[in-house]
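Note: the block below is target_8.cif and it holds mmCIF, C-alpha atoms.
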data_input
loop_
_atom_site.label_atom_id
_atom_site.label_comp_id
_atom_site.auth_asym_id
_atom_site.auth_seq_id
_atom_site.Cartn_x
_atom_site.Cartn_y
_atom_site.Cartn_z
CA MET A 237 -10.62 -47.31 22.45
CA SER A 238 -6.92 -46.57 22.40
CA GLY A 239 -4.76 -46.95 25.49
CA PRO A 240 -1.10 -46.30 26.27
CA GLY A 241 1.25 -48.34 24.14
CA ASP A 242 -1.18 -49.23 21.40
CA PRO A 243 -0.59 -47.89 17.87
CA ALA A 244 -3.79 -45.86 17.71
CA GLY A 245 -2.86 -44.02 20.90
CA THR A 246 0.64 -43.21 19.60
CA ALA A 247 -0.86 -41.83 16.43
CA SER A 248 -3.23 -39.77 18.48
CA ARG A 249 -0.42 -38.32 20.61
CA GLN A 250 1.63 -37.52 17.53
CA GLY A 251 -1.42 -35.82 16.09
CA TRP A 252 -1.69 -33.78 19.25
CA ARG A 253 1.96 -32.79 19.14
CA ALA A 254 1.61 -31.65 15.51
CA ARG A 255 -1.48 -29.69 16.38
CA LEU A 256 0.30 -28.09 19.35
CA ILE A 257 3.20 -27.03 17.13
CA ARG A 258 0.79 -25.63 14.56
CA MET A 259 -1.01 -23.72 17.28
CA GLN A 260 2.27 -22.33 18.59
CA ASN A 261 3.22 -21.27 15.09
CA LEU A 262 -0.14 -19.63 14.68
CA LEU A 263 0.24 -17.79 17.97
CA THR A 264 3.69 -16.59 16.96
CA TRP A 265 2.26 -15.42 13.66
CA GLU A 266 -0.64 -13.70 15.40
CA SER A 267 1.65 -11.88 17.77
CA THR A 268 3.87 -10.86 14.83
CA MET A 269 0.85 -9.45 13.04
CA SER A 270 -0.59 -7.75 16.11
CA GLU A 271 2.75 -6.08 16.75
CA ASP A 272 2.96 -4.94 13.15
CA LEU A 273 1.63 -1.47 13.75
CA LEU A 274 2.04 1.68 11.72
CA THR A 275 3.57 4.45 13.82
CA ILE A 276 3.14 8.05 12.74
CA ALA A 277 4.38 10.85 14.97
CA GLY A 278 4.51 8.49 17.94
CA LYS A 279 0.94 7.24 17.58
CA THR A 280 0.28 3.66 16.48
CA TYR A 281 -2.33 2.42 14.05
CA ALA A 282 -3.42 -1.15 13.29
CA SER A 283 -4.68 -0.18 9.82
CA ARG A 284 -2.28 0.77 7.04
CA LEU A 285 -5.07 2.11 4.87
CA LEU A 286 -5.71 5.84 5.06
CA ILE A 287 -8.85 7.02 3.38
CA GLY A 288 -10.24 10.23 1.89
CA THR A 289 -13.78 11.51 2.28
CA GLY A 290 -14.31 13.22 -1.08
CA LYS A 291 -16.65 12.37 -3.97
CA TYR A 292 -19.11 10.17 -2.09
CA GLN A 293 -22.84 10.44 -2.79
CA ASP A 294 -23.63 11.44 0.76
CA PHE A 295 -22.28 11.28 4.30
CA GLU A 296 -23.98 7.93 4.96
CA GLU A 297 -22.02 6.38 2.13
CA THR A 298 -18.85 8.07 3.37
CA ARG A 299 -19.36 6.60 6.81
CA GLY A 300 -20.16 3.13 5.41
CA ALA A 301 -17.03 3.12 3.26
CA ILE A 302 -14.79 4.24 6.12
CA GLU A 303 -16.16 1.55 8.39
CA ALA A 304 -15.73 -1.16 5.74
CA SER A 305 -12.18 0.02 5.03
CA GLY A 306 -11.13 -0.26 8.67
CA ALA A 307 -9.14 2.96 8.20
CA GLU A 308 -8.23 4.82 11.36
CA ILE A 309 -6.78 7.90 9.67
CA VAL A 310 -9.34 9.80 7.63
CA THR A 311 -8.48 12.86 5.60
CA VAL A 312 -10.81 15.84 5.18
CA ALA A 313 -10.65 19.12 3.30
CA LEU A 314 -11.33 22.61 4.61
CA ARG A 315 -13.65 24.99 2.79
CA ARG A 316 -15.75 28.07 3.41
CA THR A 317 -19.11 27.37 5.03
CA ASN A 318 -22.17 28.02 2.91
CA MET A 319 -23.78 31.33 3.72
CA GLY A 320 -27.35 31.27 4.95
CA GLN A 321 -26.93 27.65 5.87
CA ASN A 322 -29.85 25.56 7.03
CA PRO A 323 -29.07 24.96 10.71
CA ASP A 324 -30.00 21.30 10.33
CA GLU A 325 -27.67 20.71 7.40
CA PRO A 326 -25.50 17.69 8.20
CA ASN A 327 -21.82 18.15 8.83
CA LEU A 328 -19.08 15.71 7.81
CA LEU A 329 -17.61 15.58 11.30
CA ASP A 330 -20.99 14.38 12.64
CA PHE A 331 -20.49 11.29 10.48
CA VAL A 332 -16.74 10.87 10.79
CA SER A 333 -16.19 11.43 14.45
CA PRO A 334 -12.86 12.92 15.57
CA GLU A 335 -13.34 10.89 18.74
CA ARG A 336 -13.25 7.61 16.80
CA HIS A 337 -10.85 8.49 13.98
CA THR A 338 -7.66 10.43 13.55
CA ILE A 339 -8.80 13.29 11.37
CA LEU A 340 -6.15 14.34 8.89
CA PRO A 341 -7.00 17.76 7.48
CA ASN A 342 -5.46 18.30 4.07
CA THR A 343 -4.49 21.33 2.02
CA ALA A 344 -5.99 20.01 -1.22
CA GLY A 345 -6.66 22.85 -3.62
CA CYS A 346 -3.72 24.96 -2.43
CA PHE A 347 -1.32 26.01 -5.15
CA ASN A 348 1.18 27.95 -3.05
CA ALA A 349 2.92 27.64 0.31
CA GLU A 350 1.10 30.58 1.87
CA ASP A 351 -2.39 29.19 1.24
CA ALA A 352 -1.32 25.76 2.46
CA VAL A 353 0.10 27.11 5.72
CA ARG A 354 -2.99 29.26 6.27
CA THR A 355 -5.25 26.23 5.70
CA CYS A 356 -3.27 24.16 8.21
CA LYS A 357 -3.61 26.88 10.84
CA LEU A 358 -7.37 27.00 10.28
CA ALA A 359 -7.48 23.21 10.54
CA ARG A 360 -5.64 23.29 13.85
CA GLU A 361 -8.15 25.81 15.19
CA LEU A 362 -11.08 23.78 13.81
CA LEU A 363 -9.86 20.58 15.45
CA ASP A 364 -8.99 22.11 18.81
CA GLY A 365 -5.24 22.19 18.51
CA HIS A 366 -4.78 18.91 16.61
CA SER A 367 -1.49 19.32 14.79
CA LEU A 368 -1.34 16.37 12.34
CA VAL A 369 -1.88 17.63 8.79
CA LYS A 370 -1.56 16.41 5.25
CA LEU A 371 0.35 18.99 3.29
CA GLU A 372 -0.13 19.13 -0.43
CA VAL A 373 0.86 22.06 -2.57
CA LEU A 374 -0.19 21.51 -6.14
CA GLY A 375 1.53 22.59 -9.30
CA ASP A 376 -1.22 22.75 -11.90
CA GLN A 377 -4.84 21.75 -12.41
CA LYS A 378 -4.14 19.32 -15.21
CA THR A 379 -1.73 17.02 -13.39
CA LEU A 380 -2.16 18.04 -9.73
CA TYR A 381 1.53 17.26 -9.56
CA PRO A 382 3.13 18.68 -6.43
CA ASN A 383 4.84 22.05 -6.59
CA ILE A 384 8.00 20.93 -4.87
CA ALA A 385 9.54 24.35 -4.23
CA ASP A 386 6.43 25.49 -2.36
CA THR A 387 5.90 22.10 -0.73
CA VAL A 388 9.37 22.30 0.83
CA LYS A 389 8.81 25.92 1.86
CA ALA A 390 5.43 25.19 3.47
CA ALA A 391 6.71 22.03 5.16
CA ARG A 392 9.54 23.97 6.79
CA THR A 393 7.20 26.70 8.06
CA LEU A 394 4.72 24.16 9.41
CA VAL A 395 7.34 21.99 11.14
CA ASP A 396 8.80 25.12 12.76
CA ASP A 397 5.29 26.03 13.93
CA GLY A 398 4.86 22.66 15.67
CA PHE A 399 2.76 20.87 13.08
CA GLN A 400 3.17 17.16 12.44
CA VAL A 401 3.39 17.13 8.68
CA MET A 402 2.53 14.23 6.41
CA VAL A 403 3.60 15.47 3.04
CA TYR A 404 2.38 14.64 -0.46
CA THR A 405 5.29 14.68 -2.85
CA ASN A 406 6.56 13.33 -6.15
CA ASP A 407 8.61 10.15 -6.34
CA ASP A 408 12.01 11.86 -6.22
CA PRO A 409 14.15 10.21 -3.50
CA ILE A 410 16.23 13.37 -3.01
CA VAL A 411 13.12 15.43 -2.28
CA ALA A 412 11.73 12.68 -0.04
CA LYS A 413 14.94 12.72 1.99
CA GLU A 414 14.91 16.50 2.29
CA LEU A 415 11.33 16.46 3.57
CA GLU A 416 12.18 13.74 6.07
CA ASP A 417 15.32 15.55 7.25
CA MET A 418 13.43 18.76 7.93
CA GLY A 419 11.08 16.87 10.27
CA CYS A 420 8.06 15.67 8.29
CA VAL A 421 6.47 12.72 10.10
CA ALA A 422 5.54 10.81 6.94
CA VAL A 423 6.48 11.17 3.29
CA MET A 424 3.72 10.42 0.80
CA PRO A 425 4.86 10.00 -2.79
CA LEU A 426 2.38 9.53 -5.63
CA GLY A 427 2.02 6.19 -7.41
CA SER A 428 0.50 8.06 -10.36
CA LEU A 429 -1.58 11.22 -10.74
CA ILE A 430 -4.23 12.09 -8.15
CA GLY A 431 -7.59 10.65 -9.13
CA SER A 432 -6.17 8.89 -12.20
CA GLY A 433 -6.51 5.31 -10.95
CA LEU A 434 -3.50 4.40 -13.09
CA GLY A 435 -1.91 2.43 -10.27
CA ILE A 436 1.71 2.21 -9.18
CA LEU A 437 3.63 3.40 -12.24
CA ASN A 438 6.89 4.00 -10.38
CA PRO A 439 7.79 0.93 -8.31
CA HIS A 440 11.52 1.47 -8.76
CA SER A 441 11.39 5.08 -7.60
CA LEU A 442 9.31 4.06 -4.59
CA LEU A 443 11.91 1.41 -3.71
CA LEU A 444 14.67 4.03 -3.85
CA ILE A 445 12.66 6.23 -1.50
CA MET A 446 11.96 3.40 0.93
CA GLU A 447 15.51 2.15 0.96
CA GLN A 448 16.71 5.28 2.74
CA ALA A 449 13.59 6.30 4.67
CA ARG A 450 13.34 6.47 8.46
CA VAL A 451 9.77 7.79 8.52
CA PRO A 452 6.72 5.99 7.11
CA ILE A 453 6.39 6.09 3.32
CA ILE A 454 2.75 6.14 2.31
CA VAL A 455 1.64 5.98 -1.30
CA ASP A 456 -0.75 8.87 -1.73
CA ALA A 457 -2.49 9.01 -5.10
CA GLY A 458 -2.87 6.80 -8.12
CA VAL A 459 -4.26 3.59 -6.62
CA GLY A 460 -7.23 2.42 -8.70
CA THR A 461 -7.75 -1.22 -7.76
CA PRO A 462 -7.13 -3.55 -4.82
CA SER A 463 -4.22 -5.11 -6.72
CA ASP A 464 -2.60 -1.66 -7.00
CA ALA A 465 -2.85 -1.29 -3.23
CA THR A 466 -1.43 -4.78 -2.73
CA LEU A 467 1.50 -4.01 -5.03
CA ALA A 468 2.33 -0.86 -3.07
CA MET A 469 2.33 -2.84 0.16
CA GLU A 470 4.31 -5.75 -1.34
CA LEU A 471 6.98 -3.25 -2.33
CA GLY A 472 7.31 -2.36 1.34
CA CYS A 473 5.35 0.87 1.58
CA ASP A 474 4.14 1.54 5.12
CA GLY A 475 0.64 2.45 4.03
CA VAL A 476 -1.62 3.64 1.25
CA LEU A 477 -3.84 6.71 1.17
CA LEU A 478 -6.66 6.56 -1.34
CA ASN A 479 -10.01 8.16 -2.06
CA SER A 480 -11.27 7.96 -5.65
CA ALA A 481 -10.64 4.21 -6.00
CA VAL A 482 -13.33 3.66 -3.37
CA ALA A 483 -15.59 6.67 -3.88
CA HIS A 484 -15.79 6.19 -7.66
CA ALA A 485 -16.33 2.43 -7.55
CA ASN A 486 -19.82 1.27 -8.49
CA LYS A 487 -20.18 -0.06 -4.97
CA PRO A 488 -17.96 2.07 -2.74
CA VAL A 489 -18.59 0.19 0.50
CA LEU A 490 -17.73 -3.14 -1.13
CA MET A 491 -14.59 -1.63 -2.67
CA ALA A 492 -13.59 -0.24 0.72
CA SER A 493 -13.78 -3.76 2.13
CA ALA A 494 -11.73 -5.08 -0.82
CA MET A 495 -9.08 -2.43 -0.20
CA LYS A 496 -8.81 -3.40 3.45
CA LYS A 497 -8.06 -6.99 2.46
CA ALA A 498 -5.71 -5.90 -0.33
CA ILE A 499 -3.63 -3.81 2.06
CA GLU A 500 -3.45 -6.65 4.57
CA ALA A 501 -2.53 -9.18 1.87
CA GLY A 502 0.19 -6.95 0.49
CA ARG A 503 1.61 -6.26 3.94
CA GLU A 504 1.70 -9.92 4.89
CA GLY A 505 3.24 -10.74 1.51
CA PHE A 506 5.95 -8.16 2.15
CA LEU A 507 6.65 -9.48 5.66
CA ALA A 508 6.67 -13.07 4.40
CA GLY A 509 9.26 -12.24 1.75
CA ARG A 510 8.59 -13.26 -1.81
CA MET A 511 10.20 -16.23 -3.58
CA PRO A 512 13.03 -15.45 -5.95
CA LYS A 513 12.11 -14.98 -9.60
CA ARG A 514 13.52 -17.56 -12.03
CA VAL A 515 13.85 -17.58 -15.76
CA TYR A 516 13.06 -21.30 -16.10
CA ALA A 517 10.55 -23.65 -14.53
CA ASN A 518 11.14 -25.39 -11.22
CA PRO A 519 8.67 -28.21 -10.44
CA SER A 520 6.76 -28.07 -7.19
CA SER A 521 6.28 -31.86 -6.99
CA PRO A 522 9.26 -34.11 -6.19
CA GLY A 523 10.98 -35.85 -9.13
CA GLU A 524 11.61 -39.09 -7.19
CA GLY A 525 9.15 -41.95 -7.04
CA LEU A 526 7.56 -41.25 -10.37
CA ILE A 527 5.77 -44.27 -11.84
CA MET B 108 -21.80 47.42 9.40
CA ASN B 109 -20.37 46.15 6.15
CA LEU B 110 -18.13 43.10 6.17
CA ILE B 111 -16.73 40.70 3.65
CA VAL B 112 -17.71 37.21 4.76
CA ASN B 113 -16.37 34.24 2.84
CA GLY B 114 -15.55 36.46 -0.10
CA ASP B 115 -18.93 38.18 -0.41
CA PRO B 116 -20.15 41.54 0.92
CA TYR B 117 -22.25 41.08 4.04
CA THR B 118 -24.22 43.70 5.91
CA PHE B 119 -24.68 43.09 9.60
CA ASN B 120 -27.38 45.07 11.43
CA GLY B 121 -25.33 46.22 14.34
CA SER B 122 -22.84 48.89 15.11
CA ALA B 123 -19.16 48.42 14.64
CA ASP B 124 -17.07 47.52 17.69
CA THR B 125 -20.05 46.01 19.52
CA VAL B 126 -20.73 43.02 17.28
CA THR B 127 -18.61 40.01 18.16
CA VAL B 128 -17.51 37.02 16.11
CA ALA B 129 -19.99 34.96 18.15
CA ASP B 130 -22.80 37.31 17.08
CA LEU B 131 -21.86 36.83 13.45
CA VAL B 132 -21.72 33.04 13.85
CA THR B 133 -25.23 33.13 15.35
CA GLU B 134 -26.48 35.38 12.55
CA LEU B 135 -25.11 32.87 10.02
CA ASN B 136 -27.02 30.01 11.67
CA LEU B 137 -23.76 28.28 12.52
CA THR B 138 -24.00 28.17 16.30
CA GLY B 139 -22.61 24.98 17.79
CA ARG B 140 -20.92 23.88 14.58
CA ARG B 141 -17.32 22.79 14.31
CA LEU B 142 -15.75 25.69 12.48
CA ALA B 143 -12.78 28.01 12.43
CA VAL B 144 -12.86 31.78 12.00
CA GLU B 145 -10.29 34.12 10.57
CA VAL B 146 -10.63 37.93 10.69
CA ASN B 147 -8.34 39.86 8.38
CA ARG B 148 -6.24 36.72 7.91
CA GLU B 149 -5.70 36.23 11.63
CA ILE B 150 -7.30 33.26 13.37
CA VAL B 151 -9.73 34.16 16.13
CA PRO B 152 -9.67 31.24 18.58
CA LYS B 153 -13.01 29.82 19.73
CA SER B 154 -12.28 31.07 23.24
CA GLU B 155 -12.29 34.64 21.88
CA HIS B 156 -15.40 34.48 19.68
CA GLY B 157 -17.49 36.12 22.39
CA THR B 158 -15.09 38.99 22.96
CA HIS B 159 -13.50 39.71 19.58
CA THR B 160 -15.43 42.62 18.10
CA LEU B 161 -15.73 43.25 14.38
CA ARG B 162 -14.98 46.51 12.62
CA GLU B 163 -16.35 48.13 9.49
CA GLY B 164 -14.75 46.53 6.44
CA ASP B 165 -13.39 43.46 8.23
CA THR B 166 -12.77 40.44 6.06
CA VAL B 167 -14.05 37.30 7.75
CA GLU B 168 -13.53 33.68 6.74
CA VAL B 169 -15.61 30.93 8.29
CA VAL B 170 -14.46 27.44 7.33
CA HIS B 171 -15.48 23.90 8.15
CA ALA B 172 -14.45 20.37 7.23
CA ILE B 173 -15.84 18.81 4.07
CA GLY B 174 -15.16 15.63 2.14
CA GLY B 175 -11.81 15.56 0.43
CA GLY B 176 -8.91 13.30 -0.36
#
Produce structure tokens that represent the structure in this file.
Amino acid sequence: MSGPGDPAGTASRQGWRARLIRMQNLLTWESTMSEDLLTIAGKTYASRLLIGTGKYQDFEETRGAIEASGAEIVTVALRRTNMGQNPDEPNLLDFVSPERHTILPNTAGCFNAEDAVRTCKLARELLDGHSLVKLEVLGDQKTLYPNIADTVKAARTLVDDGFQVMVYTNDDPIVAKELEDMGCVAVMPLGSLIGSGLGILNPHSLLLIMEQARVPIIVDAGVGTPSDATLAMELGCDGVLLNSAVAHANKPVLMASAMKKAIEAGREGFLAGRMPKRVYANPSSPGEGLI
Amino acid sequence: MNLIVNGDPYTFNGSADTVTVADLVTELNLTGRRLAVEVNREIVPKSEHGTHTLREGDTVEVVHAIGGG
């Protein structure tokens, strides 16, 4: 038994004080993290991972991957309905509910401004007036590189028409600025080619874009592994949008879970601030008291 | 009445100017689905599906959401 004044009691109180300080630190950290929200067009999101719904085996797998990823923003494509459809044929939006997720219709497959604008208008009608869209106007089939002239043209038309435009673009900081200045709500440069899984090949260009940005910068395309996603976040990107890295993994649901952690790790690493790089070694253990 | 629906010729057994977009949606087994309809490149809002009548030669697009990235 330890009473007041005895050494064991003092040690116990000191232990308590240390624990209290640790708890306070933890609470401060928790509140920092819970306040660290992604804001797009005035709406906040706890998850910085945005996920696509293409290339999955079936809708069950799509749903499982989205749940494991923790993503709140889910992108979908628009296509013609099949003619003579079986009335019981499942529909993507039955599995990815617009009530539970922010559905981000995209213009994937559009190669000119006119088609992209038309697709966005159809999406707005489909989703009952929802105006958040992912604009992508592609340049060619081989690279799926953005056609910047038409991307800029379509973005301007859509912004003027009241759309909230998240725009897929290349990693040119001048173009990124132009898209932001015209009113796009997020700028989404590629890390490497769509579906390539080559990772973040342009960290320096992304840094140039982020340095001047006032809207969220989201890496859209190129991420192949969790470490790619972490790197993007460590650089200071506001989020990552990916699809193939999860859908084409051997175990998509497991990869979705890995991506969730990778995004969180990268974000916390960015907020924590990395140590400076050194050319030579610097021991972690003190030099004094060596035997 | 002959239409172009989703890029293909489509014959609807009904007379022009009486068949509505809603009738076509029913005929296509798409009732109750989340979809968007365009007639001659103009969107026909859901609220007008029951009143917007189709004409001979109209080009209709019916789209829905699918998986994509």
Which polymer residues have any atom within 12 Å of an atom of Arg140 in chain B, counting only C-alpha atoms, with same-chain residues fewer than 5 positions away left out, as an mmCIF file with C-alpha atoms, keeping the file's coordinate frame?
data_model
loop_
_atom_site.group_PDB
_atom_site.id
_atom_site.type_symbol
_atom_site.label_atom_id
_atom_site.label_comp_id
_atom_site.auth_asym_id
_atom_site.auth_seq_id
_atom_site.Cartn_x
_atom_site.Cartn_y
_atom_site.Cartn_z
ATOM 1 C CA THR A 317 -19.110 27.370 5.030
ATOM 2 C CA GLN A 321 -26.930 27.650 5.870
ATOM 3 C CA ASN A 322 -29.850 25.560 7.030
ATOM 4 C CA PRO A 323 -29.070 24.960 10.710
ATOM 5 C CA ASP A 324 -30.000 21.300 10.330
ATOM 6 C CA GLU A 325 -27.670 20.710 7.400
ATOM 7 C CA PRO A 326 -25.500 17.690 8.200
ATOM 8 C CA ASN A 327 -21.820 18.150 8.830
ATOM 9 C CA LEU A 328 -19.080 15.710 7.810
ATOM 10 C CA LEU A 329 -17.610 15.580 11.300
ATOM 11 C CA ASP A 330 -20.990 14.380 12.640
ATOM 12 C CA LEU A 362 -11.080 23.780 13.810
ATOM 13 C CA LEU A 363 -9.860 20.580 15.450
ATOM 14 C CA ALA B 129 -19.990 34.960 18.150
ATOM 15 C CA VAL B 132 -21.720 33.040 13.850
ATOM 16 C CA THR B 133 -25.230 33.130 15.350
ATOM 17 C CA LEU B 135 -25.110 32.870 10.020
ATOM 18 C CA LYS B 153 -13.010 29.820 19.730
ATOM 19 C CA VAL B 169 -15.610 30.930 8.290
ATOM 20 C CA VAL B 170 -14.460 27.440 7.330
ATOM 21 C CA HIS B 171 -15.480 23.900 8.150
ATOM 22 C CA ALA B 172 -14.450 20.370 7.230
#
>> I need the output of the PyMOL selection byres ((chain B) within 10 of (chain A)) for this file as a ChimeraX atom specification; which residues are they?
In response: /B:112-115,117,134-145,148-153,168-176
>> Can you spell out as a ChimeraX atom specification the set of residues that the PyMOL selection byres ((chain A and resi 439) around 9) selects in the structure I just provided?
In response: /A:427,436-438,440-444,467-468,471
What would the file look like if the residues just selected were written as a short mmCIF file (atom, residue, chain, number, x, y, z; two decimals), in the frame of the given file with C-alpha atoms?
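Below is the file that was written, result-v5.cif:
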data_model
loop_
_atom_site.label_atom_id
_atom_site.label_comp_id
_atom_site.auth_asym_id
_atom_site.auth_seq_id
_atom_site.Cartn_x
_atom_site.Cartn_y
_atom_site.Cartn_z
CA GLY A 427 2.02 6.19 -7.41
CA ILE A 436 1.71 2.21 -9.18
CA LEU A 437 3.63 3.40 -12.24
CA ASN A 438 6.89 4.00 -10.38
CA HIS A 440 11.52 1.47 -8.76
CA SER A 441 11.39 5.08 -7.60
CA LEU A 442 9.31 4.06 -4.59
CA LEU A 443 11.91 1.41 -3.71
CA LEU A 444 14.67 4.03 -3.85
CA LEU A 467 1.50 -4.01 -5.03
CA ALA A 468 2.33 -0.86 -3.07
CA LEU A 471 6.98 -3.25 -2.33
#
>> I'd like to see the residues matched by the PyMOL selection byres ((chain A and resi 492-494) around 7) on this file, and ideally I'd get them as an MDAnalysis selection string.
In response: chainID A and resid 301 304:305 462 482 488:491 495:498
>> Which residues are near range 501-508 of chain A? Cut-off 10 Å, all atoms listed in the file, ignore same chain within fewer than 5 positions. Put them as a PyMOL selection string.
In response: chain A and resi 268-269+272+284+462-475+495-496
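One distance worth recording is that between CA of Ala282 in chain A and CA of Glu335 in chain A, which is 16.5 Å.
Taking CA of Thr338 in chain A and CA of Arg299 in chain A as endpoints, the distance between them is 14.0 Å.
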